[in-house]
Amino acid sequence: MARGKPWTREELIVAYALYCVIPFSKLNNSNRTIKDAAEVIGRSPAALKMKICNLAALDPDFLATGRVGLWGGISKLDREIYEEFSKDWEGLSTKAESIVGLPLFDLTEPVYNGDPHRKKSYAEIADKQARKFFRKSVISAYEGRCCITGQSIPQMVIASHIKPYYVCDKSERANPANGLLLNAFYDRAFDQGLMTVLPDLTIQVSNYVKDGYDDQNTRDWLLGVEGTKIIRPKRFAPNRDMLAYHNEFVFLR
């Protein structure tokens, strides 16, 4: 990477947020989100794209796919930003959008003209923004495809929390590694504990299903995936501790 003006903390926050939510296949200089964000932070689209690619060299899940990151462009501040916000996903989502003033995660809050006492609190807005970040980052990690079927109709895929949202702490709620991209059928089955994913990414179906249901659809759709492995994401591999939580507390034995 050519030498130029040093990257600031704010610029790197934006770059890391975009790394999380833009699929590798769409990382190019003509990407509209990259172009818009680059204009706001005063960088060229090519420079912002290169910095996003640099950050991939810090991602162990990315490197596990056999790809090579651009180590030459990594700075001390890059590492600090990566380490800080890999533990604060909600902070990453809110700060990145506040820096550029753009709906990076497809979130546009409507202007509220009603009773000021009923206006949403900042915390509620931030929570919604974090959910948008989570969904977009999980979709990006799995390149828009259900990790069981490969189905990619946008209206049918859901970013499912592995460890349920309502029991997550602040560091877990928007963590992309707490997500699986599932079509609506498998999202419901996973959420209700009718199936789980083991730490080696193998699918296991509940005995509740095996012992109680033997119709053709159940055999095809649920029992038929027993023992198969989910499609591994390009980044943000499912967190083993969160899979263990689902196995122990959600899965019906």
# chains A, B, ... in the order shown; residues from 1 in each chain; ligands from 1
call {"tool": "closest_atom_pairs", "arguments": {"of": "segment 162-222 of chain A", "to": "segment 86-90 of chain A", "cutoff": "12 Å", "atoms": "only C-alpha atoms", "output": "Markdown table"}}
result
| residue | atom | partner | partner_atom | distance |
| --- | --- | --- | --- | --- |
| A:Asp169 | CA | A:Asp88 | CA | 10.8 |
| A:Lys170 | CA | A:Glu90 | CA | 7.6 |
| A:Ser171 | CA | A:Asp88 | CA | 5.6 |
| A:Glu172 | CA | A:Trp89 | CA | 8.0 |
| A:Arg173 | CA | A:Glu90 | CA | 7.9 |
| A:Ala174 | CA | A:Trp89 | CA | 5.5 |
| A:Asn175 | CA | A:Trp89 | CA | 5.8 |
| A:Pro176 | CA | A:Trp89 | CA | 8.3 |
| A:Ala177 | CA | A:Ser86 | CA | 10.1 |
| A:Asn178 | CA | A:Trp89 | CA | 11.2 |
call {"tool": "write_last_selection", "arguments": {"atoms": "C-alpha atoms", "output": "PDB file, in the first residue's frame"}}
result
ATOM      1  CA  ASP A 169     -25.103  -9.910  27.257  1.00  0.00           C
ATOM      2  CA  LYS A 170     -24.169  -6.672  25.514  1.00  0.00           C
ATOM      3  CA  SER A 171     -21.057  -8.158  23.907  1.00  0.00           C
ATOM      4  CA  GLU A 172     -23.014 -11.071  22.414  1.00  0.00           C
ATOM      5  CA  ARG A 173     -26.208  -9.544  21.024  1.00  0.00           C
ATOM      6  CA  ALA A 174     -24.720  -8.129  17.817  1.00  0.00           C
ATOM      7  CA  ASN A 175     -21.728 -10.491  17.553  1.00  0.00           C
ATOM      8  CA  PRO A 176     -21.817 -11.995  14.028  1.00  0.00           C
ATOM      9  CA  ALA A 177     -20.223 -15.178  15.412  1.00  0.00           C
ATOM     10  CA  ASN A 178     -23.461 -15.658  17.363  1.00  0.00           C
TER      11      ASN A 178
END
call {"tool": "residues_around", "arguments": {"residues": "Arg43 of chain A", "least_positions_apart": "3", "cutoff": "12 Å", "atoms": "only C-alpha atoms", "output": "ChimeraX atom specification"}}
result
/A:4-8,11-12,14-15,29,34-40,46-51
call {"tool": "select_by_dssp", "arguments": {"residues": "segment 7-251 of chain A", "states": "helix (DSSP H, G or I)", "output": "PyMOL selection string"}}
result
chain A and resi 9-21+24-26+32-41+45-56+60-64+71-73+76-85+89-100+116-118+122-141+154-156+165-167+170-173+176-178+184-191+207-212+216-221+223-225+240-250
call {"tool": "closest_residue", "arguments": {"among": "A:Lys136, A:Arg232, A:Arg131, A:Arg219", "to": "Leu104 of chain A", "atoms": "only C-alpha atoms"}}
result
A:Lys136
call {"tool": "atom_distance", "arguments": {"atom1": "atom CA of Tyr186 of chain A", "atom2": "atom CA of Gln216 of chain A"}}
result
16.5 Å
call {"tool": "select_by_dssp", "arguments": {"residues": "segment 41-210 of chain A", "states": "strand (DSSP E)", "output": "ChimeraX atom specification"}}
result
/A:157-161,179-183,195-197,203-205
call {"tool": "residues_around", "arguments": {"residues": "Lys210 of chain A", "least_positions_apart": "4", "cutoff": "10 Å", "atoms": "only C-alpha atoms", "output": "MDAnalysis selection string"}}
result
chainID A and resid 194 205:206 214 218:219 222:223
call {"tool": "residues_around", "arguments": {"residues": "Ile231 of chain A", "least_positions_apart": "3", "cutoff": "12 Å", "atoms": "only C-alpha atoms", "output": "list of chain:residue names"}}
result
A:Ala141, A:Tyr142, A:Glu143, A:Gly144, A:Arg145, A:Cys146, A:Cys147, A:Ile148, A:Thr149, A:Gly150, A:Gln151, A:Leu180, A:Leu181, A:Leu182, A:Val197, A:Asp200, A:Leu201, A:Thr202, A:Ile203, A:Thr228, A:Lys234, A:Arg235, A:Ala237, A:Pro238
call {"tool": "write_last_selection", "arguments": {"atoms": "N, CA, C and O atoms", "output": "tab-separated table (two decimals), in the first residue's frame"}}
result
chain	number	residue	atom	x	y	z
A	141	ALA	N	-21.43	-12.74	5.90
A	141	ALA	CA	-20.54	-13.86	6.23
A	141	ALA	C	-20.90	-15.12	5.45
A	141	ALA	O	-20.02	-15.87	5.01
A	142	TYR	N	-22.20	-15.35	5.27
A	142	TYR	CA	-22.66	-16.55	4.56
A	142	TYR	C	-22.99	-16.26	3.10
A	142	TYR	O	-23.58	-17.10	2.41
A	143	GLU	N	-22.62	-15.06	2.66
A	143	GLU	CA	-22.85	-14.64	1.27
A	143	GLU	C	-24.30	-14.82	0.84
A	143	GLU	O	-24.59	-15.19	-0.30
A	144	GLY	N	-25.21	-14.56	1.79
A	144	GLY	CA	-26.63	-14.56	1.48
A	144	GLY	C	-27.26	-15.92	1.32
A	144	GLY	O	-28.41	-16.01	0.90
A	145	ARG	N	-26.55	-16.99	1.69
A	145	ARG	CA	-27.07	-18.34	1.47
A	145	ARG	C	-27.33	-19.07	2.79
A	145	ARG	O	-26.49	-19.04	3.70
A	146	CYS	N	-28.47	-19.71	2.87
A	146	CYS	CA	-28.79	-20.56	4.03
A	146	CYS	C	-27.65	-21.55	4.23
A	146	CYS	O	-27.22	-22.21	3.28
A	147	CYS	N	-27.17	-21.66	5.46
A	147	CYS	CA	-26.01	-22.52	5.71
A	147	CYS	C	-26.35	-24.01	5.70
A	147	CYS	O	-25.46	-24.85	5.82
A	148	ILE	N	-27.62	-24.36	5.52
A	148	ILE	CA	-28.00	-25.77	5.40
A	148	ILE	C	-28.34	-26.12	3.96
A	148	ILE	O	-27.87	-27.12	3.43
A	149	THR	N	-29.13	-25.28	3.31
A	149	THR	CA	-29.62	-25.60	1.97
A	149	THR	C	-28.89	-24.86	0.85
A	149	THR	O	-28.96	-25.28	-0.30
A	150	GLY	N	-28.25	-23.75	1.19
A	150	GLY	CA	-27.66	-22.92	0.16
A	150	GLY	C	-28.66	-21.99	-0.51
A	150	GLY	O	-28.31	-21.21	-1.39
A	151	GLN	N	-29.92	-22.06	-0.08
A	151	GLN	CA	-30.98	-21.23	-0.67
A	151	GLN	C	-30.68	-19.75	-0.40
A	151	GLN	O	-30.21	-19.38	0.67
A	180	LEU	N	-26.28	-17.69	12.66
A	180	LEU	CA	-26.35	-18.63	11.54
A	180	LEU	C	-27.33	-18.04	10.54
A	180	LEU	O	-28.35	-17.47	10.93
A	181	LEU	N	-27.05	-18.18	9.27
A	181	LEU	CA	-28.02	-17.74	8.26
A	181	LEU	C	-28.83	-18.96	7.84
A	181	LEU	O	-28.30	-19.92	7.27
A	182	LEU	N	-30.11	-18.93	8.16
A	182	LEU	CA	-31.00	-20.08	7.93
A	182	LEU	C	-32.24	-19.63	7.17
A	182	LEU	O	-32.71	-18.51	7.35
A	197	VAL	N	-26.66	-27.32	16.21
A	197	VAL	CA	-25.40	-27.45	15.47
A	197	VAL	C	-24.30	-27.67	16.49
A	197	VAL	O	-24.12	-26.87	17.42
A	200	ASP	N	-18.46	-28.96	15.92
A	200	ASP	CA	-17.77	-29.29	14.66
A	200	ASP	C	-18.64	-28.94	13.45
A	200	ASP	O	-18.33	-29.32	12.32
A	201	LEU	N	-19.75	-28.22	13.70
A	201	LEU	CA	-20.68	-27.73	12.68
A	201	LEU	C	-21.57	-28.82	12.09
A	201	LEU	O	-22.19	-28.63	11.05
A	202	THR	N	-21.66	-29.96	12.80
A	202	THR	CA	-22.56	-31.04	12.40
A	202	THR	C	-23.96	-30.77	12.93
A	202	THR	O	-24.13	-30.36	14.09
A	203	ILE	N	-24.96	-31.05	12.12
A	203	ILE	CA	-26.36	-30.87	12.52
A	203	ILE	C	-26.84	-32.09	13.29
A	203	ILE	O	-26.59	-33.23	12.89
A	228	THR	N	-25.24	-34.13	8.75
A	228	THR	CA	-24.56	-33.33	7.74
A	228	THR	C	-23.98	-32.08	8.40
A	228	THR	O	-24.31	-31.75	9.54
A	234	LYS	N	-17.67	-17.47	5.32
A	234	LYS	CA	-16.39	-16.93	4.89
A	234	LYS	C	-15.67	-16.22	6.02
A	234	LYS	O	-14.46	-16.04	5.99
A	235	ARG	N	-16.41	-15.77	7.02
A	235	ARG	CA	-15.85	-15.13	8.21
A	235	ARG	C	-16.85	-15.29	9.34
A	235	ARG	O	-17.98	-15.71	9.13
A	237	ALA	N	-16.99	-17.46	11.94
A	237	ALA	CA	-17.42	-18.84	12.18
A	237	ALA	C	-18.21	-18.91	13.48
A	237	ALA	O	-17.93	-18.17	14.43
A	238	PRO	N	-19.24	-19.77	13.55
A	238	PRO	CA	-20.06	-19.86	14.76
A	238	PRO	C	-19.21	-20.07	16.01
A	238	PRO	O	-18.34	-20.95	16.05
call {"tool": "atom_distance", "arguments": {"atom1": "atom CA of Cys20 of chain A", "atom2": "atom CA of Phe133 of chain A"}}
result
8.6 Å
call {"tool": "residues_around", "arguments": {"residues": "Phe105 of chain A", "least_positions_apart": "5", "cutoff": "9 Å", "atoms": "only C-alpha atoms", "output": "PyMOL selection string"}}
result
chain A and resi 21+93+97+129-130+132-137
